[in-house]
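Enquirer: Contents of final.csv (CSV, C-alpha atoms):
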chain,number,residue,atom,x,y,z
A,119,MET,CA,32.7,-60.3,-27.0
A,120,LYS,CA,29.2,-61.5,-26.1
A,121,ARG,CA,30.4,-62.9,-22.8
A,122,GLN,CA,32.2,-59.7,-22.0
A,123,TYR,CA,29.0,-57.8,-22.6
A,124,GLN,CA,27.0,-60.2,-20.4
A,125,LEU,CA,29.7,-59.8,-17.6
A,126,LEU,CA,29.5,-56.0,-17.8
A,127,VAL,CA,25.7,-56.0,-17.6
A,128,SER,CA,25.8,-58.4,-14.6
A,129,VAL,CA,28.4,-56.3,-12.7
A,130,THR,CA,26.4,-53.1,-13.4
A,131,LEU,CA,23.2,-54.7,-12.1
A,132,ALA,CA,25.0,-56.1,-9.0
A,133,ILE,CA,26.4,-52.6,-8.2
A,134,MET,CA,22.9,-51.0,-8.6
A,135,LEU,CA,21.3,-53.6,-6.3
A,136,MET,CA,24.0,-53.1,-3.6
A,137,ALA,CA,23.7,-49.3,-3.9
A,138,THR,CA,19.9,-49.6,-3.4
A,139,MET,CA,20.3,-51.9,-0.4
A,140,LEU,CA,22.9,-49.6,1.1
A,141,GLY,CA,20.7,-46.6,0.6
A,142,GLN,CA,17.8,-48.3,2.3
A,143,ALA,CA,19.9,-49.4,5.2
A,144,LEU,CA,21.3,-45.8,5.7
A,145,ALA,CA,17.8,-44.2,5.4
A,146,GLY,CA,16.4,-46.7,7.9
A,147,GLY,CA,13.8,-47.8,5.4
A,148,ASN,CA,13.1,-51.0,7.3
A,149,GLU,CA,12.4,-49.3,10.6
A,150,PRO,CA,8.8,-48.6,11.7
A,151,PRO,CA,7.6,-45.0,11.3
A,152,GLN,CA,8.7,-42.6,14.0
A,153,PRO,CA,6.2,-40.3,15.9
A,154,LEU,CA,6.2,-36.7,14.6
A,155,GLY,CA,6.6,-34.9,17.9
A,156,PHE,CA,7.5,-35.2,21.6
A,157,TRP,CA,6.6,-33.8,25.0
A,158,SER,CA,9.0,-31.3,26.3
A,159,THR,CA,9.3,-29.5,29.6
A,160,HIS,CA,10.7,-26.0,29.1
A,161,THR,CA,10.4,-22.3,30.0
A,162,ALA,CA,8.4,-19.6,28.3
A,163,TYR,CA,9.9,-17.4,25.7
A,164,GLN,CA,7.9,-14.2,26.4
A,165,VAL,CA,5.6,-12.5,28.8
A,166,GLY,CA,3.1,-10.1,27.3
A,167,VAL,CA,-0.4,-9.4,26.2
A,168,ALA,CA,-2.2,-12.6,25.2
A,169,PHE,CA,-5.5,-11.1,24.2
A,170,TRP,CA,-8.1,-8.3,24.7
A,171,ALA,CA,-11.6,-8.5,26.1
A,172,ASP,CA,-13.9,-5.7,27.2
A,173,GLY,CA,-11.3,-3.0,26.7
A,174,GLN,CA,-8.8,-4.8,28.9
A,175,PRO,CA,-5.5,-6.6,28.2
A,176,HIS,CA,-4.9,-10.1,29.5
A,177,TYR,CA,-1.3,-11.2,30.0
A,178,ALA,CA,0.3,-14.6,29.5
A,179,ALA,CA,3.6,-16.5,29.5
A,180,PHE,CA,4.1,-17.7,25.9
A,181,PHE,CA,5.4,-21.2,25.3
A,182,SER,CA,6.4,-22.9,22.1
A,183,GLY,CA,4.5,-26.1,21.3
A,184,LEU,CA,0.9,-27.0,22.1
A,185,TYR,CA,-1.4,-28.6,24.8
A,186,GLY,CA,0.5,-27.1,27.8
A,187,TYR,CA,0.1,-28.5,31.3
A,188,ASN,CA,2.2,-29.1,34.4
A,189,GLN,CA,3.0,-25.4,34.9
A,190,HIS,CA,5.4,-24.2,37.5
A,191,TYR,CA,6.9,-21.0,38.8
A,192,LEU,CA,10.7,-21.1,39.0
A,193,GLY,CA,11.2,-17.6,40.6
A,194,PRO,CA,11.8,-16.9,44.3
A,195,GLY,CA,9.5,-18.9,46.5
A,196,GLY,CA,8.6,-21.4,43.7
A,197,ASP,CA,5.0,-22.5,43.1
A,198,ALA,CA,4.1,-21.6,46.7
A,199,ALA,CA,4.8,-17.9,46.0
A,200,THR,CA,2.0,-17.9,43.4
A,201,CYS,CA,-0.8,-18.8,45.9
A,202,GLY,CA,-1.2,-15.1,46.9
A,203,SER,CA,-2.2,-14.1,43.4
A,204,SER,CA,-5.8,-13.2,42.5
A,205,ALA,CA,-6.0,-16.5,40.5
A,206,GLY,CA,-4.7,-18.7,43.4
A,207,CYS,CA,-1.9,-21.1,43.0
A,208,ILE,CA,-0.2,-21.7,39.6
A,209,SER,CA,-1.6,-25.2,39.3
A,210,ASN,CA,-5.1,-23.5,39.0
A,211,TRP,CA,-4.0,-20.9,36.4
A,212,THR,CA,-5.7,-21.3,33.1
A,213,TRP,CA,-4.5,-21.4,29.5
A,214,TYR,CA,-5.7,-19.1,26.8
A,215,ASN,CA,-7.5,-20.9,24.0
A,216,ASP,CA,-8.2,-24.5,25.0
A,217,VAL,CA,-7.2,-25.7,21.5
A,218,ASP,CA,-3.6,-24.5,21.5
A,219,ARG,CA,-3.0,-24.2,25.3
A,220,ASN,CA,0.4,-22.5,24.7
A,221,ARG,CA,-0.3,-19.2,26.6
A,222,LEU,CA,-0.4,-19.5,30.3
A,223,LEU,CA,-2.6,-16.7,31.6
A,224,LEU,CA,-0.9,-14.6,34.4
A,225,PRO,CA,-3.0,-12.9,37.1
A,226,LYS,CA,-2.7,-9.1,37.4
A,227,GLY,CA,-3.8,-8.7,41.0
A,228,GLY,CA,-1.2,-9.8,43.6
A,229,TRP,CA,1.1,-10.8,40.8
A,230,LEU,CA,2.2,-9.0,37.6
A,231,LEU,CA,1.0,-5.4,38.4
A,232,THR,CA,2.5,-5.5,41.9
A,233,GLU,CA,5.9,-6.3,40.5
A,234,PRO,CA,8.4,-3.8,39.1
A,235,PRO,CA,9.5,-4.2,35.5
A,236,TRP,CA,12.8,-5.8,36.5
A,237,GLY,CA,11.1,-8.3,38.9
A,238,PRO,CA,11.1,-12.0,38.5
A,239,LYS,CA,7.4,-12.3,37.8
A,240,TRP,CA,7.8,-10.4,34.5
A,241,GLN,CA,10.6,-12.8,33.4
A,242,ALA,CA,9.6,-15.5,30.9
A,243,SER,CA,12.3,-17.8,32.0
A,244,ASN,CA,10.6,-18.1,35.4
A,245,TYR,CA,7.6,-20.0,34.0
A,246,GLN,CA,7.9,-23.6,33.1
A,247,ALA,CA,5.4,-26.0,31.5
A,248,THR,CA,5.2,-29.2,29.5
A,249,THR,CA,4.1,-28.9,25.9
A,250,TRP,CA,3.9,-31.0,22.8
A,251,ILE,CA,6.5,-30.1,20.3
A,252,ASP,CA,5.9,-31.0,16.6
B,704,MET,CA,-22.3,19.2,-42.3
B,705,ASN,CA,-19.3,18.6,-44.5
B,706,PRO,CA,-18.2,15.0,-43.8
B,707,LYS,CA,-14.5,16.0,-43.9
B,708,LYS,CA,-15.1,18.7,-41.3
B,709,TYR,CA,-17.1,16.4,-39.2
B,710,ALA,CA,-14.3,13.8,-39.2
B,711,VAL,CA,-11.8,16.4,-38.2
B,712,ARG,CA,-14.0,17.7,-35.4
B,713,LEU,CA,-14.5,14.1,-34.2
B,714,LYS,CA,-10.8,13.5,-34.1
B,715,LEU,CA,-10.2,16.7,-32.2
B,716,SER,CA,-12.9,15.9,-29.7
B,717,GLY,CA,-11.4,12.4,-29.2
B,718,LEU,CA,-8.0,14.0,-28.7
B,719,ALA,CA,-9.4,16.5,-26.2
B,720,VAL,CA,-11.0,13.7,-24.2
B,721,LEU,CA,-7.7,11.7,-24.1
B,722,ILE,CA,-5.8,14.8,-22.9
B,723,LEU,CA,-8.4,15.4,-20.2
B,724,ILE,CA,-8.2,11.8,-19.0
B,725,ALA,CA,-4.4,12.0,-18.9
B,726,ILE,CA,-4.4,15.2,-16.9
B,727,THR,CA,-7.0,13.8,-14.4
B,728,ALA,CA,-5.0,10.6,-14.0
B,729,GLY,CA,-1.8,12.6,-13.5
B,730,SER,CA,-3.4,14.8,-10.9
B,731,VAL,CA,-4.9,11.9,-8.9
B,732,SER,CA,-1.6,10.0,-8.9
B,733,ALA,CA,0.3,13.2,-7.9
B,734,LEU,CA,-2.2,13.8,-5.1
B,735,VAL,CA,-1.9,10.2,-3.8
B,736,ARG,CA,1.9,10.3,-4.0
B,737,ASP,CA,1.9,13.7,-2.3
B,738,GLN,CA,-0.3,12.4,0.6
B,739,THR,CA,1.8,9.2,1.1
B,740,GLN,CA,5.1,11.2,0.9
B,741,THR,CA,4.0,13.8,3.5
B,742,GLU,CA,2.6,11.3,6.0
B,743,PRO,CA,5.1,10.2,8.6
B,744,PRO,CA,5.8,6.5,8.9
B,745,LEU,CA,3.9,4.8,11.8
B,746,VAL,CA,7.1,4.1,13.6
B,747,GLU,CA,7.8,7.8,13.9
B,748,LEU,CA,4.4,8.3,15.6
B,749,ALA,CA,4.8,5.4,18.0
B,750,LEU,CA,6.5,5.6,21.4
B,751,HIS,CA,10.3,5.2,21.4
B,752,SER,CA,12.3,3.4,24.0
B,753,TYR,CA,14.2,6.6,24.9
B,754,GLU,CA,11.0,8.3,25.8
B,755,LEU,CA,10.2,5.9,28.6
B,756,PRO,CA,11.1,6.8,32.2
B,757,GLU,CA,14.2,5.2,33.8
B,758,GLY,CA,13.7,1.7,34.9
B,759,SER,CA,11.3,0.8,32.2
B,760,GLU,CA,11.5,-2.5,30.3
B,761,TRP,CA,11.1,-2.4,26.6
B,762,LYS,CA,9.1,-5.5,25.5
B,763,GLY,CA,9.2,-5.0,21.7
B,764,SER,CA,7.9,-3.2,18.7
B,765,GLY,CA,7.1,-3.8,15.1
B,766,PRO,CA,4.4,-3.9,12.4
B,767,THR,CA,1.3,-5.8,13.2
B,768,ASN,CA,-1.9,-6.8,11.4
B,769,VAL,CA,-5.6,-7.9,11.9
B,770,ASP,CA,-4.6,-11.5,12.7
B,771,ASP,CA,-2.6,-10.5,15.7
B,772,VAL,CA,-4.8,-11.0,18.7
B,773,THR,CA,-2.2,-9.4,21.0
B,774,GLN,CA,-3.1,-6.0,19.7
B,775,PRO,CA,-6.6,-4.5,20.4
B,776,LEU,CA,-7.9,-3.9,16.9
B,777,ASN,CA,-7.8,-7.4,15.6
B,778,LYS,CA,-10.4,-9.0,13.3
B,779,THR,CA,-12.2,-10.8,16.1
B,780,ASN,CA,-13.1,-7.5,17.8
B,781,SER,CA,-12.6,-9.2,21.1
B,782,ILE,CA,-12.0,-5.8,22.7
B,783,GLY,CA,-15.7,-5.2,22.1
B,784,LEU,CA,-16.0,-2.0,20.1
B,785,ALA,CA,-19.7,-1.2,19.3
B,786,GLY,CA,-21.4,1.0,16.7
B,787,PRO,CA,-20.5,1.6,13.1
B,788,ALA,CA,-16.8,1.6,13.9
B,789,SER,CA,-16.9,-2.1,14.6
B,790,GLU,CA,-17.6,-2.7,10.9
B,791,PHE,CA,-14.3,-1.3,9.7
B,792,LEU,CA,-12.1,-1.3,12.9
B,793,ALA,CA,-9.9,-3.9,11.3
B,794,GLN,CA,-9.8,-2.3,7.8
B,795,TYR,CA,-6.7,-0.3,8.4
B,796,GLU,CA,-4.0,-0.2,5.7
B,797,GLU,CA,-1.1,-0.7,8.1
B,798,ALA,CA,-0.5,-0.9,11.8
B,799,TYR,CA,2.4,-0.7,14.3
B,800,LYS,CA,2.6,-1.8,17.9
B,801,VAL,CA,4.9,-1.1,20.9
B,802,GLY,CA,4.9,-2.9,24.3
B,803,ALA,CA,6.7,-1.9,27.5
B,804,ILE,CA,6.5,-2.0,31.2
B,805,VAL,CA,7.1,1.2,33.2
B,806,ALA,CA,8.1,1.3,36.8
B,807,ILE,CA,5.6,2.9,39.2
B,808,ASP,CA,7.1,4.2,42.5
B,809,SER,CA,10.0,1.8,42.0
B,810,LYS,CA,7.9,-1.0,43.3
B,811,TYR,CA,5.1,-1.7,40.8
B,812,GLY,CA,4.9,-2.2,37.1
B,813,ALA,CA,2.4,-0.9,34.6
B,814,TYR,CA,2.1,-2.3,31.1
B,815,VAL,CA,2.2,0.3,28.3
B,816,GLY,CA,0.7,-0.6,24.9
B,817,ASN,CA,1.0,1.8,22.1
B,818,TYR,CA,-0.8,1.0,18.8
B,819,VAL,CA,-0.8,3.1,15.6
B,820,TYR,CA,-3.2,2.4,12.7
B,821,ARG,CA,-3.5,4.1,9.3
B,822,TYR,CA,-7.0,4.1,8.0
B,823,ALA,CA,-8.3,5.0,4.5
B,824,ASN,CA,-9.6,8.3,5.7
B,825,GLN,CA,-9.9,10.6,8.8
B,826,PRO,CA,-13.6,9.9,9.5
B,827,GLN,CA,-12.8,6.2,9.9
B,828,ALA,CA,-9.9,6.9,12.3
B,829,GLU,CA,-12.1,9.3,14.3
B,830,ALA,CA,-15.0,6.8,14.5
B,831,VAL,CA,-12.7,4.1,15.9
B,832,ALA,CA,-11.2,6.6,18.4
B,833,LYS,CA,-14.7,7.5,19.6
B,834,ALA,CA,-15.7,3.9,19.9
B,835,VAL,CA,-12.7,3.2,22.1
B,836,ILE,CA,-13.5,6.0,24.5
B,837,ASP,CA,-17.2,5.1,24.4
B,838,LEU,CA,-16.3,1.6,25.5
B,839,VAL,CA,-14.5,3.0,28.5
B,840,LEU,CA,-17.2,5.6,29.4
B,841,GLN,CA,-20.3,3.6,28.6
B,842,THR,CA,-19.5,-0.1,29.1
B,843,HIS,CA,-17.3,0.4,32.1
B,844,GLN,CA,-18.8,3.7,33.5
B,845,GLY,CA,-15.3,5.1,33.3
B,846,LYS,CA,-14.0,8.6,33.8
B,847,LEU,CA,-13.1,11.1,31.0
B,848,LEU,CA,-9.7,12.6,31.8
B,849,ARG,CA,-8.9,14.8,28.9
B,850,ASP,CA,-10.5,16.1,25.7
B,851,VAL,CA,-8.2,17.7,23.2
B,852,PRO,CA,-10.1,19.1,20.2
B,853,GLN,CA,-8.7,19.2,16.7
B,854,THR,CA,-6.5,22.2,16.0
B,855,ALA,CA,-6.0,24.1,12.7
B,856,ASN,CA,-2.4,23.1,12.4
B,857,GLY,CA,-3.2,19.4,11.9
B,858,GLY,CA,-1.9,18.2,15.3
B,859,VAL,CA,-3.2,15.2,17.2
B,860,SER,CA,-6.7,15.5,18.6
B,861,GLY,CA,-8.1,13.0,21.0
B,862,GLN,CA,-9.6,12.0,24.3
B,863,ALA,CA,-8.3,10.2,27.4
B,864,ALA,CA,-10.3,8.1,29.8
B,865,MET,CA,-9.9,5.4,32.5
B,866,PHE,CA,-11.8,2.7,34.3
B,867,VAL,CA,-11.1,0.3,37.1
B,868,GLY,CA,-11.1,-3.4,36.1
B,869,PRO,CA,-12.5,-6.4,38.0
B,870,GLU,CA,-9.1,-7.1,39.6
B,871,GLY,CA,-8.9,-3.6,41.0
B,872,ASP,CA,-6.4,-2.5,38.3
B,873,ALA,CA,-6.7,0.8,36.5
B,874,ILE,CA,-6.9,0.8,32.7
B,875,TYR,CA,-6.1,4.1,31.0
B,876,TRP,CA,-6.8,4.8,27.3
B,877,PHE,CA,-5.8,7.6,25.1
B,878,ALA,CA,-7.3,7.6,21.6
B,879,GLY,CA,-5.9,10.3,19.3
B,880,VAL,CA,-6.2,11.1,15.6
B,881,LYS,CA,-3.8,12.8,13.3
B,882,ASP,CA,-5.1,13.1,9.7
B,883,ARG,CA,-6.1,9.5,8.9
B,884,THR,CA,-3.9,7.9,11.5
B,885,LEU,CA,-5.3,6.5,14.8
B,886,ILE,CA,-3.0,6.5,17.8
B,887,LEU,CA,-4.0,4.4,20.8
B,888,LEU,CA,-2.1,4.4,24.1
B,889,MET,CA,-3.1,2.0,26.9
B,890,VAL,CA,-1.6,1.9,30.4
B,891,ASN,CA,-2.6,-0.8,32.8
B,892,GLY,CA,-1.4,-0.7,36.4
B,893,MET,CA,-2.3,-0.4,40.0
B,894,ASP,CA,-5.0,2.2,40.7
B,895,THR,CA,-2.6,4.8,42.2
B,896,ALA,CA,-1.8,8.5,41.5
B,897,SER,CA,1.6,7.5,40.2
B,898,THR,CA,0.1,5.2,37.5
B,899,SER,CA,-2.2,8.1,36.5
B,900,ALA,CA,0.8,10.5,36.4
B,901,SER,CA,2.8,8.0,34.2
B,902,PHE,CA,-0.2,7.7,31.8
B,903,GLU,CA,-0.6,11.5,31.7
B,904,SER,CA,3.1,12.0,30.7
B,905,LEU,CA,2.9,9.4,28.0
B,906,ALA,CA,-0.4,10.7,26.6
B,907,ALA,CA,1.2,14.2,26.5
B,908,LEU,CA,4.0,12.7,24.3
B,909,MET,CA,1.3,11.3,21.9
B,910,LEU,CA,-0.3,14.7,21.6
B,911,GLN,CA,2.9,16.2,20.5
B,912,ARG,CA,3.2,13.8,17.5
Translate this structure into structure tokens?
Expert:
Amino acid sequence: MKRQYQLLVSVTLAIMLMATMLGQALAGGNEPPQPLGFWSTHTAYQVGVAFWADGQPHYAAFFSGLYGYNQHYLGPGGDAATCGSSAGCISNWTWYNDVDRNRLLLPKGGWLLTEPPWGPKWQASNYQATTWID
Amino acid sequence: MNPKKYAVRLKLSGLAVLILIAITAGSVSALVRDQTQTEPPLVELALHSYELPEGSEWKGSGPTNVDDVTQPLNKTNSIGLAGPASEFLAQYEEAYKVGAIVAIDSKYGAYVGNYVYRYANQPQAEAVAKAVIDLVLQTHQGKLLRDVPQTANGGVSGQAAMFVGPEGDAIYWFAGVKDRTLILLMVNGMDTASTSASFESLAALMLQR
């Protein structure tokens, strides 16, 4: 009877040990910690007012993520088409709020306000940038 | 005085005070309920997509708050309102915003922003409306376009003004007040007669609220 009890305890412990090892293996418990985010190149999700200053609206292309850079115009004429805007070529356009950098400011003169509502310059999908996605 | 009579009088006085308090509280609550029930929801006062001219692009609408820097009366006061209104410009009880782009002469676009705020009282709403127009007229040496005084029937009163921005664009503002609600309309487009006409027709809609 005592031997049967010892056998039962041993089998139970062995099963628990195997289950723990299997769980660790499945969860990747022995792997080094993974980074929490990644760089992604994608298009904006919205064009609209970014902020107000001195009674005036300022417009931007809104991106998900943070620390945007490497901005491009995907509409007709590509990046070269932006060079006639009041802010020069798109590579020189600035970002609202240097901390977040997820709103690419769009010039009004020679760009947004000279474009009809249905025109490509108002379309968020025509603005591309690289941002850090958490 | 007879102590028994005194006790009865004391009880009666206490009862009278309690009744008075109950009546006052009831009246105040009825007044508040009546005011909130008769006030139209902000969404009703704001622009609707079907009111925009053909070819317009509706960008979106919905409730907003002081943390939203994409609407002009946010807690940072980045728009730059001066005077006493700057102290309570962000103390509204609720707010609603609309964004759209209207076509100008079928070749340009003008951004339309419509912002509706409910303040605690009418003087607050009027002070902020005045501060917006002062900003246009004094800071930017803008032009007063329209001055609609308050009418007896409780309609929208307000002023419209415009200035030309550093990029040569025209920025039109209408600031109207209906009871304790502030209605702001902003149109930003090329400095042309057609942009002015678009603003005028949208401001006229606001005055009919």
Enquirer: Wanna dump the chain A-chain B contacts at 9 Å for me, each residue with its shortest atom pair and the distance in Å to one decimal, counting all atoms listed in the file, ordered by chain and number, as CSV?
Expert:
residue,atom,partner,partner_atom,distance
A:Gln164,CA,B:Lys762,CA,8.8
A:Val165,CA,B:Lys762,CA,8.5
A:Gly166,CA,B:Lys762,CA,7.8
A:Val167,CA,B:Thr773,CA,5.5
A:Ala168,CA,B:Thr773,CA,5.3
A:Phe169,CA,B:Thr773,CA,4.9
A:Trp170,CA,B:Ile782,CA,5.0
A:Ala171,CA,B:Ile782,CA,4.4
A:Asp172,CA,B:Ile782,CA,4.9
A:Gly173,CA,B:Ile782,CA,4.9
A:Gln174,CA,B:Ile874,CA,7.0
A:Pro175,CA,B:Asn891,CA,8.0
A:His176,CA,B:Thr773,CA,8.9
A:Ser204,CA,B:Glu870,CA,7.5
A:Pro225,CA,B:Glu870,CA,8.8
A:Lys226,CA,B:Glu870,CA,7.1
A:Gly227,CA,B:Glu870,CA,5.7
A:Leu230,CA,B:Gly812,CA,7.3
A:Leu231,CA,B:Gly812,CA,5.2
A:Thr232,CA,B:Tyr811,CA,4.7
A:Glu233,CA,B:Tyr811,CA,4.7
A:Pro234,CA,B:Tyr811,CA,4.3
A:Pro235,CA,B:Gly812,CA,5.3
A:Trp236,CA,B:Glu760,CA,7.1
A:Gly237,CA,B:Gly812,CA,8.9
Enquirer: Would you pick out the contacts of Ala162 of chain A at 8 Å or less, using all atoms listed in the file, so that residues sharing its chain but fewer than 6 positions from it are not included, and give the list as JSON, numbers by chain?
Expert: {"A": [179, 180, 181, 182, 242, 243, 244, 245, 246, 247]}
Enquirer: Would you export the selected residues with C-alpha atoms as a PDB file, in the frame of the given file, please?
Expert:
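Generated output (out38.pdb):
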ATOM      1  CA  ALA A 179       3.600 -16.500  29.500  1.00  0.00           C
ATOM      2  CA  PHE A 180       4.100 -17.700  25.900  1.00  0.00           C
ATOM      3  CA  PHE A 181       5.400 -21.200  25.300  1.00  0.00           C
ATOM      4  CA  SER A 182       6.400 -22.900  22.100  1.00  0.00           C
ATOM      5  CA  ALA A 242       9.600 -15.500  30.900  1.00  0.00           C
ATOM      6  CA  SER A 243      12.300 -17.800  32.000  1.00  0.00           C
ATOM      7  CA  ASN A 244      10.600 -18.100  35.400  1.00  0.00           C
ATOM      8  CA  TYR A 245       7.600 -20.000  34.000  1.00  0.00           C
ATOM      9  CA  GLN A 246       7.900 -23.600  33.100  1.00  0.00           C
ATOM     10  CA  ALA A 247       5.400 -26.000  31.500  1.00  0.00           C
TER      11      ALA A 247
END
Enquirer: Suppose you want the space between atom CA of Gln862 of chain B and atom CA of Phe877 of chain B; what is it in Å?
Expert: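 Those two atoms sit 5.9 Å apart.
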Enquirer: Could you state the separation of atom CA of Leu224 of chain A and atom CA of Pro238 of chain A in Å, given to one decimal place?
Expert: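 Computing it gives 12.9 Å between the two atoms.
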Enquirer: How many Å separate atom CA of Arg221 of chain A from atom CA of Asp770 of chain B?
Expert: 16.5 Å
